[in-house]
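*Asks:* Below you will find the structure I want to go over with you.
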Amino acid sequence: MTTSKPPRPPRRNSSGLARDIEVLEVLGLPEAFPGGLGVVRIAELAGREKTVVSRTLATLADAGLVSRDAETLTYRLGPRLFALAARTSEAVLVREARPYLRRIARHTGETTHLSVLRGGNVLTLVSELSPYEFRTAGWEGVTTAAWRTPSGRVLLSDWEDEELASWYALHGHDQPMVGPGRSDVSPSAFAVLDAPAPEQVVVHDLLDLRAEIDRIRQRGYAISDEELEVGVVAASAPVTDFTGRVVAAVNISAPKARMPGSLEAIGEFVARATEPLSAHLGSAPATPR
């Protein structure tokens, strides 16, 4: 049986911002999930008058920080608040990941990227460039189709089958370059392929995507051989946090002419190199493959 948090005594002369924060904190309590809380219960837990809490909730709802169920009249934390939290998490992720990306880029001599899922596709948050003049470029701020990139497939690798099917129905045929800019323009000197050679395509349909997800789970990485850009190969591995979920992907991309060896070896390297970052974020040690 869940023990309710005892009501706090009413407070006076608190600032409006402090009051707003108290209400948001109440809606962040376990009791508020999944059905939300009514005005009376929120007032009890916040130790405030019902009328004051009602006005506060109306203001927060107008700002998108809380949402109100029209049928049950209960309140939950709103989508804008989650969006702000996600951006904050991404900023922290970039800060923590930079030293690891630099290390990988120095070791390999190739451009290294950190990417996340955004709007169902892949957004590159930060890139560490190769020291070579002839190199793949940074893709910071560029969004690409997840099904066409090893990073995207890695970011989907801990999804359940039902989630994956719903995602593929919406995004399985997105253009290679989702944004910004024209779909045929790459930030690097390598042209984006509208349609790669059939033998280079990893995902033709949902069955292929599921098979690729199984391979990623088994070996810990994904690879790409001239699938998105002419003359470019890449390998990606997942970054997990303390929850065990995949929160980002680290990707190494390079001109194919400079990577004559096995792509599998590159994949194994990036999988090993990403493990310390996951551990830094609180992830449990990886199971030996």
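In the structure tokens, each chain is lettered A, B, ... as it comes, each chain's residues begin at 1, and ligands are numbered from 1 in order of appearance.
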I want to know what sits within 8 Å of range 155-171 of chain A, based on only C-alpha atoms, with residues of the same chain fewer than 3 positions away left out; could you give that as a PyMOL selection string?

*Replies:* chain A and resi 116-117+120-121+145+147+151-152+174+206+210+213-214+216-217+238+245-249

*Asks:* Can you write out the residues you just picked, keeping C-alpha atoms, as a compact mmCIF listing (two decimals), in the first residue's frame?

*Replies:*
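Saved the output as result.txt:
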# COMPACT_ATOMS: atom_id res chain seq x y z
CA VAL A 116 20.26 11.26 -30.24
CA LEU A 117 16.76 10.50 -31.44
CA GLY A 120 11.75 9.98 -34.59
CA ASN A 121 14.99 10.62 -36.45
CA ALA A 145 16.62 9.36 -41.31
CA TRP A 147 16.62 3.75 -40.76
CA SER A 151 23.45 5.65 -35.41
CA GLY A 152 19.72 5.60 -35.95
CA ASP A 174 11.73 9.34 -44.49
CA LEU A 206 10.24 -3.77 -40.99
CA ARG A 210 14.05 -6.12 -36.68
CA ILE A 213 18.19 -4.68 -34.26
CA ASP A 214 18.85 -8.31 -33.26
CA ILE A 216 23.08 -4.86 -32.89
CA ARG A 217 21.97 -6.40 -29.59
CA PRO A 238 25.03 2.73 -28.13
CA ARG A 245 18.30 2.59 -21.76
CA VAL A 246 20.06 3.77 -24.90
CA VAL A 247 20.32 7.57 -24.62
CA ALA A 248 22.75 8.33 -27.46
CA ALA A 249 24.93 6.82 -30.15

*Asks:* I'd like the neighbourhood of Gln200 in chain A as a ChimeraX atom specification, where a residue qualifies if any of its atoms comes within 9 Å (using only C-alpha atoms), though same-chain residues fewer than 6 positions away should be ignored.

*Replies:* /A:224-227

*Asks:* Pick the closest to Ile223 in chain A from A:Leu77, A:Ala265, A:Ala195, A:Ala257: which is it, counting only C-alpha atoms?

*Replies:*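 Nearest candidate to Ile223 in chain A out of A:Leu77, A:Ala265, A:Ala195, A:Ala257: A:Ala265.
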
*Asks:* Have a look at A:Leu129, A:Val178, A:Leu123, A:Val40 and name the one nearest to Glu110 in chain A; count only C-alpha atoms.

*Replies:*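 With only C-alpha atoms as the atom set, the closest residue is A:Leu129.
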
*Asks:* Write out as a ChimeraX atom specification each polymer residue whose atoms come within 7 Å of range 92-106 of chain A, counting only C-alpha atoms; drop sequence neighbours fewer than 4 positions from it.

*Replies:* /A:88,110-112,126,128,130,273,277

*Asks:* A:Met259, A:Ala222, A:Val23, A:Ala32: which is nearest Leu57 in chain A, counting only C-alpha atoms?

*Replies:* A:Val23

*Asks:* Using only C-alpha atoms, which of A:Ser283, A:Thr51, A:Asn251, A:Thr274 sits nearest Thr149 in chain A?

*Replies:*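 Once distances to Thr149 in chain A are computed over only C-alpha atoms, the minimum belongs to A:Asn251.
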
*Asks:* By how many Å are CA of His204 in chain A and CA of Leu114 in chain A apart?

*Replies:* 25.4 Å

*Asks:* Would you give me, as a count of residues only, the residues in range 162-279 of chain A that DSSP reads as helix (DSSP H, G or I)?

*Replies:* 47

*Asks:* Find, counting only C-alpha atoms, the residue in A:Leu228, A:Ala191, A:Ile266, A:Arg68 that gets nearest to Thr144 in chain A.

*Replies:*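 Looking at the shortest contact to Thr144 in chain A, the residue is A:Leu228.
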
*Asks:* What is the distance, in Å and to one decimal place, between CA of Pro131 in chain A and CA of Val233 in chain A?

*Replies:*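 Straight-line distance from CA of Pro131 in chain A to CA of Val233 in chain A works out to 17.2 Å.
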
*Asks:* From the set A:Val192, A:Val66, A:Ala237, A:Val122, which residue has the shortest atom-to-atom contact distance to Leu81 in chain A, counting only C-alpha atoms?

*Replies:* A:Val66
